[in-house]
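Q: Below you'll find model-v8.pdb; it's PDB, C-alpha atoms.
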```
ATOM      1  CA  MET A 143     163.762  56.113  49.299
ATOM      2  CA  SER A 144     160.127  56.193  50.444
ATOM      3  CA  LYS A 145     159.162  55.191  53.979
ATOM      4  CA  GLU A 146     156.866  52.490  52.567
ATOM      5  CA  ARG A 147     159.698  50.862  50.638
ATOM      6  CA  SER A 148     162.145  51.050  53.547
ATOM      7  CA  ARG A 149     159.602  49.271  55.789
ATOM      8  CA  ASN A 150     159.445  46.353  53.317
ATOM      9  CA  GLN A 151     163.165  45.705  53.436
ATOM     10  CA  LYS A 152     165.014  43.215  55.609
ATOM     11  CA  LEU A 153     168.527  43.313  56.961
ATOM     12  CA  ILE A 154     170.590  40.265  56.002
ATOM     13  CA  ARG A 155     173.831  39.361  57.732
ATOM     14  CA  ALA A 156     176.722  38.222  55.545
ATOM     15  CA  PRO A 157     180.476  37.676  56.016
ATOM     16  CA  ALA A 158     182.447  40.908  55.504
ATOM     17  CA  ASP A 159     184.743  39.413  52.855
ATOM     18  CA  LEU A 160     181.734  38.267  50.810
ATOM     19  CA  VAL A 161     180.123  41.710  51.059
ATOM     20  CA  SER A 162     183.390  43.239  49.909
ATOM     21  CA  LYS A 163     183.531  40.941  46.848
ATOM     22  CA  LEU A 164     179.893  41.676  46.029
ATOM     23  CA  ASN A 165     180.522  45.403  46.308
ATOM     24  CA  GLU A 166     183.524  45.090  43.978
ATOM     25  CA  ALA A 167     181.438  43.128  41.452
ATOM     26  CA  ALA A 168     178.607  45.689  41.649
ATOM     27  CA  ASN A 169     181.061  48.530  41.014
ATOM     28  CA  ARG A 170     182.606  46.675  38.082
ATOM     29  CA  GLU A 171     179.139  46.280  36.536
ATOM     30  CA  GLY A 172     178.218  49.910  37.237
ATOM     31  CA  LYS A 173     175.351  49.004  39.564
ATOM     32  CA  THR A 174     174.533  50.003  43.087
ATOM     33  CA  PHE A 175     175.230  47.406  45.726
ATOM     34  CA  TYR A 176     171.505  47.230  46.535
ATOM     35  CA  SER A 177     170.414  46.638  42.920
ATOM     36  CA  TYR A 178     173.208  44.098  42.336
ATOM     37  CA  VAL A 179     172.336  42.033  45.412
ATOM     38  CA  SER A 180     168.600  42.281  44.653
ATOM     39  CA  GLU A 181     169.304  40.918  41.169
ATOM     40  CA  ILE A 182     171.251  37.995  42.669
ATOM     41  CA  PHE A 183     168.339  37.185  44.986
ATOM     42  CA  GLU A 184     165.875  37.394  42.084
ATOM     43  CA  GLN A 185     167.988  34.937  40.080
ATOM     44  CA  ALA A 186     168.276  32.588  43.073
ATOM     45  CA  VAL A 187     164.478  32.575  43.390
ATOM     46  CA  ARG A 188     164.159  32.007  39.630
ATOM     47  CA  ALA A 189     166.511  29.008  39.881
ATOM     48  CA  TYR A 190     164.499  27.674  42.820
ATOM     49  CA  GLU A 191     161.276  27.987  40.808
ATOM     50  CA  MET A 192     162.962  25.928  38.056
ATOM     51  CA  ASN A 193     163.693  23.234  40.680
ATOM     52  CA  HIS A 194     167.435  23.886  40.546
ATOM     53  CA  SER A 195     169.901  25.567  42.822
ATOM     54  CA  LEU A 196     171.893  28.557  41.663
ATOM     55  CA  LYS A 197     175.059  26.483  42.198
ATOM     56  CA  GLU A 198     173.709  23.723  39.957
ATOM     57  CA  ILE A 199     172.903  26.211  37.192
ATOM     58  CA  ILE A 200     176.313  27.878  37.414
ATOM     59  CA  ASP A 201     178.080  24.495  37.440
ATOM     60  CA  ASN A 202     176.153  23.507  34.293
ATOM     61  CA  TYR A 203     177.022  26.808  32.652
ATOM     62  CA  GLU A 204     180.680  26.187  33.470
ATOM     63  CA  ILE A 205     180.475  22.820  31.665
ATOM     64  CA  LEU A 206     178.796  24.445  28.658
ATOM     65  CA  GLU A 207     181.667  26.938  28.557
ATOM     66  CA  VAL A 208     184.137  24.027  28.359
ATOM     67  CA  HIS A 209     182.258  22.719  25.313
ATOM     68  CA  LYS A 210     182.134  26.205  23.798
ATOM     69  CA  GLU A 211     185.865  26.690  24.229
ATOM     70  CA  ALA A 212     186.441  23.260  22.672
ATOM     71  CA  GLY A 213     184.477  24.356  19.602
ATOM     72  CA  ALA A 214     181.611  21.929  20.256
ATOM     73  CA  ILE A 215     178.196  22.552  18.755
ATOM     74  CA  PHE A 216     174.848  21.003  19.577
ATOM     75  CA  THR A 217     173.293  18.894  16.865
ATOM     76  CA  PRO A 218     169.902  17.175  16.808
ATOM     77  CA  ARG A 219     170.265  13.512  17.809
ATOM     78  CA  ASP A 220     168.868  12.128  14.541
ATOM     79  CA  ILE A 221     171.323  14.103  12.427
ATOM     80  CA  LEU A 222     174.287  13.184  14.635
ATOM     81  CA  ASP A 223     173.367   9.495  14.581
ATOM     82  CA  HIS A 224     172.978   9.544  10.793
ATOM     83  CA  LEU A 225     176.382  11.178  10.317
ATOM     84  CA  ILE A 226     178.077   8.823  12.781
ATOM     85  CA  LYS A 227     176.551   5.717  11.207
ATOM     86  CA  LYS A 228     177.557   6.770   7.688
ATOM     87  CA  THR A 229     181.096   7.778   8.665
ATOM     88  CA  TYR A 230     181.552   4.759  10.935
ATOM     89  CA  GLN A 231     180.725   2.396   8.071
ATOM     90  CA  GLU A 232     183.264   4.108   5.803
ATOM     91  CA  ASP A 233     186.109   4.624   8.276
ATOM     92  CA  GLY A 234     185.267   3.625  11.863
ATOM     93  CA  LYS A 235     188.895   3.377  12.998
ATOM     94  CA  SER A 236     189.676   6.979  12.011
ATOM     95  CA  LEU A 237     186.485   8.207  13.664
ATOM     96  CA  GLN A 238     187.380   6.365  16.883
ATOM     97  CA  GLN A 239     190.864   7.889  16.797
ATOM     98  CA  LEU A 240     189.376  11.361  16.311
ATOM     99  CA  TRP A 241     187.115  10.927  19.345
ATOM    100  CA  TYR A 242     190.062   9.607  21.372
ATOM    101  CA  GLN A 243     192.194  12.643  20.411
ATOM    102  CA  THR A 244     189.321  14.993  21.238
ATOM    103  CA  GLY A 245     189.034  13.311  24.634
ATOM    104  CA  LYS A 246     192.759  13.851  25.185
ATOM    105  CA  TRP A 247     192.353  17.562  24.403
ATOM    106  CA  TYR A 248     189.449  17.830  26.871
ATOM    107  CA  GLY A 249     191.511  16.075  29.549
ATOM    108  CA  ILE A 250     194.442  18.456  29.099
ATOM    109  CA  TYR A 251     192.087  21.431  29.129
ATOM    110  CA  LEU A 252     190.293  20.252  32.275
ATOM    111  CA  LYS A 253     193.614  19.665  34.014
ATOM    112  CA  GLU A 254     194.586  23.287  33.331
ATOM    113  CA  LYS A 255     191.214  24.837  34.171
ATOM    114  CA  PHE A 256     189.995  22.920  37.241
ATOM    115  CA  GLU A 257     191.618  22.075  40.540
ATOM    116  CA  ASP A 258     189.819  18.710  40.643
ATOM    117  CA  SER A 259     189.970  17.826  36.953
ATOM    118  CA  LEU A 260     188.584  14.330  37.542
ATOM    119  CA  GLN A 261     185.458  15.675  39.227
ATOM    120  CA  ALA A 262     185.124  18.256  36.440
ATOM    121  CA  PHE A 263     185.320  15.444  33.875
ATOM    122  CA  HIS A 264     182.631  13.515  35.738
ATOM    123  CA  ARG A 265     180.417  16.632  35.639
ATOM    124  CA  LEU A 266     181.181  17.040  31.932
ATOM    125  CA  LEU A 267     179.934  13.509  31.255
ATOM    126  CA  LYS A 268     176.838  13.933  33.447
ATOM    127  CA  GLU A 269     175.782  17.392  32.287
ATOM    128  CA  GLY A 270     177.512  17.798  28.939
ATOM    129  CA  ARG A 271     174.721  16.713  26.567
ATOM    130  CA  TRP A 272     175.962  13.192  25.725
ATOM    131  CA  ASP A 273     172.506  11.547  25.909
ATOM    132  CA  LEU A 274     173.708   9.517  28.891
ATOM    133  CA  ASN A 275     170.903   8.714  31.336
ATOM    134  CA  GLN A 276     173.300   7.753  34.109
ATOM    135  CA  VAL A 277     176.969   8.443  34.720
ATOM    136  CA  PHE A 278     178.606   6.935  37.793
ATOM    137  CA  MET A 279     182.153   7.526  38.928
ATOM    138  CA  LYS A 280     183.563   5.355  41.701
ATOM    139  CA  ARG A 281     186.875   6.640  42.999
ATOM    140  CA  ASN A 282     189.242   5.010  45.468
ATOM    141  CA  GLN A 283     193.012   5.079  45.988
ATOM    142  CA  LYS A 284     193.737   2.288  43.509
ATOM    143  CA  THR A 285     191.161   2.715  40.741
ATOM    144  CA  ILE A 286     188.615   4.985  39.145
ATOM    145  CA  GLU A 287     185.611   3.378  37.513
ATOM    146  CA  PHE A 288     183.133   4.971  35.145
ATOM    147  CA  ARG A 289     179.775   3.424  34.304
ATOM    148  CA  CYS A 290     177.626   5.148  31.704
ATOM    149  CA  VAL A 291     174.162   4.019  30.660
ATOM    150  CA  SER A 292     171.867   5.321  27.938
ATOM    151  CA  ALA A 293     168.661   4.124  26.369
ATOM    152  CA  PHE A 294     169.195   6.401  23.366
ATOM    153  CA  ILE A 295     172.628   5.859  21.870
ATOM    154  CA  SER A 296     173.656   3.456  19.150
ATOM    155  CA  GLN A 297     176.508   0.953  19.388
ATOM    156  CA  GLU A 298     178.652   3.261  17.251
ATOM    157  CA  ARG A 299     178.061   6.287  19.467
ATOM    158  CA  THR A 300     178.627   4.155  22.581
ATOM    159  CA  THR A 301     182.021   3.098  21.198
ATOM    160  CA  LEU A 302     182.935   6.691  20.328
ATOM    161  CA  ILE A 303     182.028   7.995  23.779
ATOM    162  CA  LYS A 304     184.120   5.198  25.296
ATOM    163  CA  LYS A 305     187.092   6.305  23.173
ATOM    164  CA  PHE A 306     186.492   9.916  24.247
ATOM    165  CA  ILE A 307     186.512   8.906  27.931
ATOM    166  CA  GLU A 308     189.712   6.893  27.463
ATOM    167  CA  GLY A 309     191.420   9.802  25.721
ATOM    168  CA  ALA A 310     190.480  12.222  28.499
ATOM    169  CA  MET A 311     191.501   9.834  31.267
ATOM    170  CA  HIS A 312     194.821   9.042  29.590
ATOM    171  CA  SER A 313     195.679  12.726  29.369
ATOM    172  CA  LEU A 314     194.702  13.095  33.047
ATOM    173  CA  GLY A 315     197.392  10.495  33.818
ATOM    174  CA  TYR A 316     195.324   7.305  34.177
ATOM    175  CA  LYS A 317     195.766   3.946  32.439
ATOM    176  CA  THR A 318     192.931   1.750  31.211
ATOM    177  CA  GLN A 319     192.637  -1.453  33.276
ATOM    178  CA  GLU A 320     189.276  -2.865  32.184
ATOM    179  CA  THR A 321     186.756  -1.991  29.517
ATOM    180  CA  GLU A 322     183.261  -3.143  28.570
ATOM    181  CA  CYS A 323     181.222  -1.574  25.825
ATOM    182  CA  PHE A 324     177.758  -2.627  24.684
ATOM    183  CA  LYS A 325     175.030  -0.618  22.990
ATOM    184  CA  GLY A 326     174.206   2.105  25.513
ATOM    185  CA  ILE A 327     176.479   0.703  28.268
ATOM    186  CA  ILE A 328     180.072   1.662  29.022
ATOM    187  CA  ARG A 329     182.175   0.444  31.930
ATOM    188  CA  LEU A 330     185.772   1.543  32.204
ATOM    189  CA  LYS A 331     188.252   1.045  35.035
ATOM    190  CA  PHE A 332     191.430   3.112  35.279
ATOM    191  CA  SER A 333     194.452   3.170  37.556
ATOM    192  CA  PRO A 334     196.911   6.001  38.270
TER
END
```
Would you write the structure of this file as structure tokens?
A:
Amino acid sequence: MSKERSRNQKLIRAPADLVSKLNEAANREGKTFYSYVSEIFEQAVRAYEMNHSLKEIIDNYEILEVHKEAGAIFTPRDILDHLIKKTYQEDGKSLQQLWYQTGKWYGIYLKEKFEDSLQAFHRLLKEGRWDLNQVFMKRNQKTIEFRCVSAFISQERTTLIKKFIEGAMHSLGYKTQETECFKGIIRLKFSP
């Protein structure tokens, strides 16, 4: 290493157990510790320049992986709305049941994959590409309330997302107490 390069380096203190894990990861990837850690710092700066934290980006990636493992695909909004409207007119009850069952599968999956499956579900609704502008979860010892708002979704899609949420929450062990569903607005209250 040249003297010029060594003068431009800084020493960073880190917990020994973290350094050990980083070293293990670097070895597993066949990289030197220095190059591996430099790459991590570069990606952290890149995330910062995108106005996101590295944690936020990794959390979002984790949610995308849930969708991927569920077999979900991304579809342009216009196409999805067209298909939903057409199918809903022909057999809305079956479509609602399908969304409910899919929600149940997600709930079971989240329960197995995440320690706090309810928080993971909240993240899934917020970051999971549902066209929801706002997703609120209010949690206390007696109830859990979800409020979802969107300026984009039709009444049919609002109803289907509501059924999805109910399916997931039922498989997480909660019972529906109250429900409101209007075009672009969902409010659901659950109890354990």
Q: Enter the distance from CA of Glu232 (chain A) to CA of Gly245 (chain A), in Å, rounded to one decimal.
A: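 Rounded to one decimal, the two atoms are 21.7 Å apart.
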Q: For the structure provided, state which residues fall under the PyMOL selection byres ((chain A and resi 318-326) around 12), and present them as JSON, numbers by chain.
A: {"A": [272, 273, 274, 275, 276, 277, 284, 285, 286, 287, 288, 289, 290, 291, 292, 293, 294, 295, 296, 297, 298, 299, 300, 301, 302, 303, 304, 305, 307, 308, 309, 310, 311, 312, 313, 314, 315, 316, 317, 327, 328, 329, 330, 331, 332, 333, 334]}
Q: Give me the residues near region 153-163 of chain A as a PyMOL selection string, where near means some atom within 10 Å (using only C-alpha atoms) and where sequence neighbours in that chain fewer than 4 positions away do not count.
A: chain A and resi 167-169+175+179
Q: Give me the residues near Ile205 (chain A) as a list in words, where near means some atom within 8 Å (using all atoms listed in the file) and where sequence neighbours in that chain fewer than 4 positions away do not count.
A: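 Those residues are Asp201, His209, Arg265, Leu266, Glu269 and Gly270 of chain A.
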Q: Between CA of Ala262 (chain A) and CA of Ser236 (chain A), measure the distance and give it in Å to one decimal.
A: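 Taking CA of Ala262 (chain A) as the start and CA of Ser236 (chain A) as the end point, the length is 27.3 Å.
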Q: Give me, please, the distance in Å between CA of Ile200 (chain A) and CA of Arg281 (chain A), quoted to one decimal.
A: 24.4 Å
Q: Just the residues within 9 Å of Leu237 (chain A), please, counting all atoms listed in the file, with nothing from its chain fewer than 6 positions along; format it as a PyMOL selection string.
A: chain A and resi 226+229-230+302
Q: Hey, which of A:Ile221, A:Ile199, A:Met279, A:Leu164 ends up closest to Tyr178 (chain A)? Count only C-alpha atoms.
A: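 For Tyr178 (chain A), the nearest of the given residues is A:Leu164.
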Q: Find the axis-aligned box for region 250-266 of chain A, covering all its listed atoms and adding 3 Å on each side, and write its centre and edge lengths in Å to one decimal as lines of an AutoDock Vina configuration file.
A:
```
center_x = 187.5
center_y = 19.2
center_z = 34.9
size_x = 20.2
size_y = 17.3
size_z = 17.5
```
Q: Missing atoms in region 230-245 of chain A need filling: write out N, CA, C and O atoms for it as a PDB file, in the coordinates of the input.
A:
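Result written to out_27.pdb:
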```
ATOM      1  N   TYR A 230     181.037   5.958  10.262  1.00  0.00           N
ATOM      2  CA  TYR A 230     181.552   4.759  10.935  1.00  0.00           C
ATOM      3  C   TYR A 230     181.665   3.595   9.959  1.00  0.00           C
ATOM      4  O   TYR A 230     182.621   2.829  10.000  1.00  0.00           O
ATOM      5  N   GLN A 231     180.693   3.465   9.069  1.00  0.00           N
ATOM      6  CA  GLN A 231     180.725   2.396   8.071  1.00  0.00           C
ATOM      7  C   GLN A 231     181.901   2.583   7.113  1.00  0.00           C
ATOM      8  O   GLN A 231     182.529   1.616   6.695  1.00  0.00           O
ATOM      9  N   GLU A 232     182.194   3.833   6.764  1.00  0.00           N
ATOM     10  CA  GLU A 232     183.264   4.108   5.803  1.00  0.00           C
ATOM     11  C   GLU A 232     184.653   4.033   6.429  1.00  0.00           C
ATOM     12  O   GLU A 232     185.587   3.553   5.803  1.00  0.00           O
ATOM     13  N   ASP A 233     184.783   4.562   7.664  1.00  0.00           N
ATOM     14  CA  ASP A 233     186.109   4.624   8.276  1.00  0.00           C
ATOM     15  C   ASP A 233     185.994   4.717   9.804  1.00  0.00           C
ATOM     16  O   ASP A 233     186.361   5.725  10.409  1.00  0.00           O
ATOM     17  N   GLY A 234     185.493   3.657  10.418  1.00  0.00           N
ATOM     18  CA  GLY A 234     185.267   3.625  11.863  1.00  0.00           C
ATOM     19  C   GLY A 234     186.529   3.819  12.694  1.00  0.00           C
ATOM     20  O   GLY A 234     186.498   4.475  13.728  1.00  0.00           O
ATOM     21  N   LYS A 235     187.640   3.259  12.233  1.00  0.00           N
ATOM     22  CA  LYS A 235     188.895   3.377  12.998  1.00  0.00           C
ATOM     23  C   LYS A 235     189.343   4.840  13.102  1.00  0.00           C
ATOM     24  O   LYS A 235     189.744   5.301  14.172  1.00  0.00           O
ATOM     25  N   SER A 236     189.281   5.568  11.990  1.00  0.00           N
ATOM     26  CA  SER A 236     189.676   6.979  12.011  1.00  0.00           C
ATOM     27  C   SER A 236     188.746   7.801  12.884  1.00  0.00           C
ATOM     28  O   SER A 236     189.185   8.694  13.604  1.00  0.00           O
ATOM     29  N   LEU A 237     187.448   7.491  12.841  1.00  0.00           N
ATOM     30  CA  LEU A 237     186.485   8.207  13.664  1.00  0.00           C
ATOM     31  C   LEU A 237     186.743   7.945  15.152  1.00  0.00           C
ATOM     32  O   LEU A 237     186.715   8.873  15.969  1.00  0.00           O
ATOM     33  N   GLN A 238     187.044   6.689  15.490  1.00  0.00           N
ATOM     34  CA  GLN A 238     187.380   6.365  16.883  1.00  0.00           C
ATOM     35  C   GLN A 238     188.630   7.125  17.327  1.00  0.00           C
ATOM     36  O   GLN A 238     188.687   7.654  18.438  1.00  0.00           O
ATOM     37  N   GLN A 239     189.620   7.181  16.468  1.00  0.00           N
ATOM     38  CA  GLN A 239     190.864   7.889  16.797  1.00  0.00           C
ATOM     39  C   GLN A 239     190.603   9.384  17.001  1.00  0.00           C
ATOM     40  O   GLN A 239     191.170  10.003  17.885  1.00  0.00           O
ATOM     41  N   LEU A 240     189.725   9.944  16.183  1.00  0.00           N
ATOM     42  CA  LEU A 240     189.376  11.361  16.311  1.00  0.00           C
ATOM     43  C   LEU A 240     188.694  11.630  17.647  1.00  0.00           C
ATOM     44  O   LEU A 240     189.016  12.603  18.334  1.00  0.00           O
ATOM     45  N   TRP A 241     187.779  10.764  18.055  1.00  0.00           N
ATOM     46  CA  TRP A 241     187.115  10.927  19.345  1.00  0.00           C
ATOM     47  C   TRP A 241     188.111  10.746  20.497  1.00  0.00           C
ATOM     48  O   TRP A 241     188.039  11.450  21.498  1.00  0.00           O
ATOM     49  N   TYR A 242     189.033   9.816  20.358  1.00  0.00           N
ATOM     50  CA  TYR A 242     190.062   9.607  21.372  1.00  0.00           C
ATOM     51  C   TYR A 242     190.929  10.869  21.512  1.00  0.00           C
ATOM     52  O   TYR A 242     191.182  11.342  22.623  1.00  0.00           O
ATOM     53  N   GLN A 243     191.361  11.433  20.395  1.00  0.00           N
ATOM     54  CA  GLN A 243     192.194  12.643  20.411  1.00  0.00           C
ATOM     55  C   GLN A 243     191.428  13.835  20.993  1.00  0.00           C
ATOM     56  O   GLN A 243     191.997  14.645  21.733  1.00  0.00           O
ATOM     57  N   THR A 244     190.149  13.922  20.670  1.00  0.00           N
ATOM     58  CA  THR A 244     189.321  14.993  21.238  1.00  0.00           C
ATOM     59  C   THR A 244     189.218  14.821  22.751  1.00  0.00           C
ATOM     60  O   THR A 244     189.313  15.793  23.505  1.00  0.00           O
ATOM     61  N   GLY A 245     189.049  13.585  23.197  1.00  0.00           N
ATOM     62  CA  GLY A 245     189.034  13.311  24.634  1.00  0.00           C
ATOM     63  C   GLY A 245     190.338  13.721  25.296  1.00  0.00           C
ATOM     64  O   GLY A 245     190.347  14.297  26.381  1.00  0.00           O
TER      65      GLY A 245
END
```
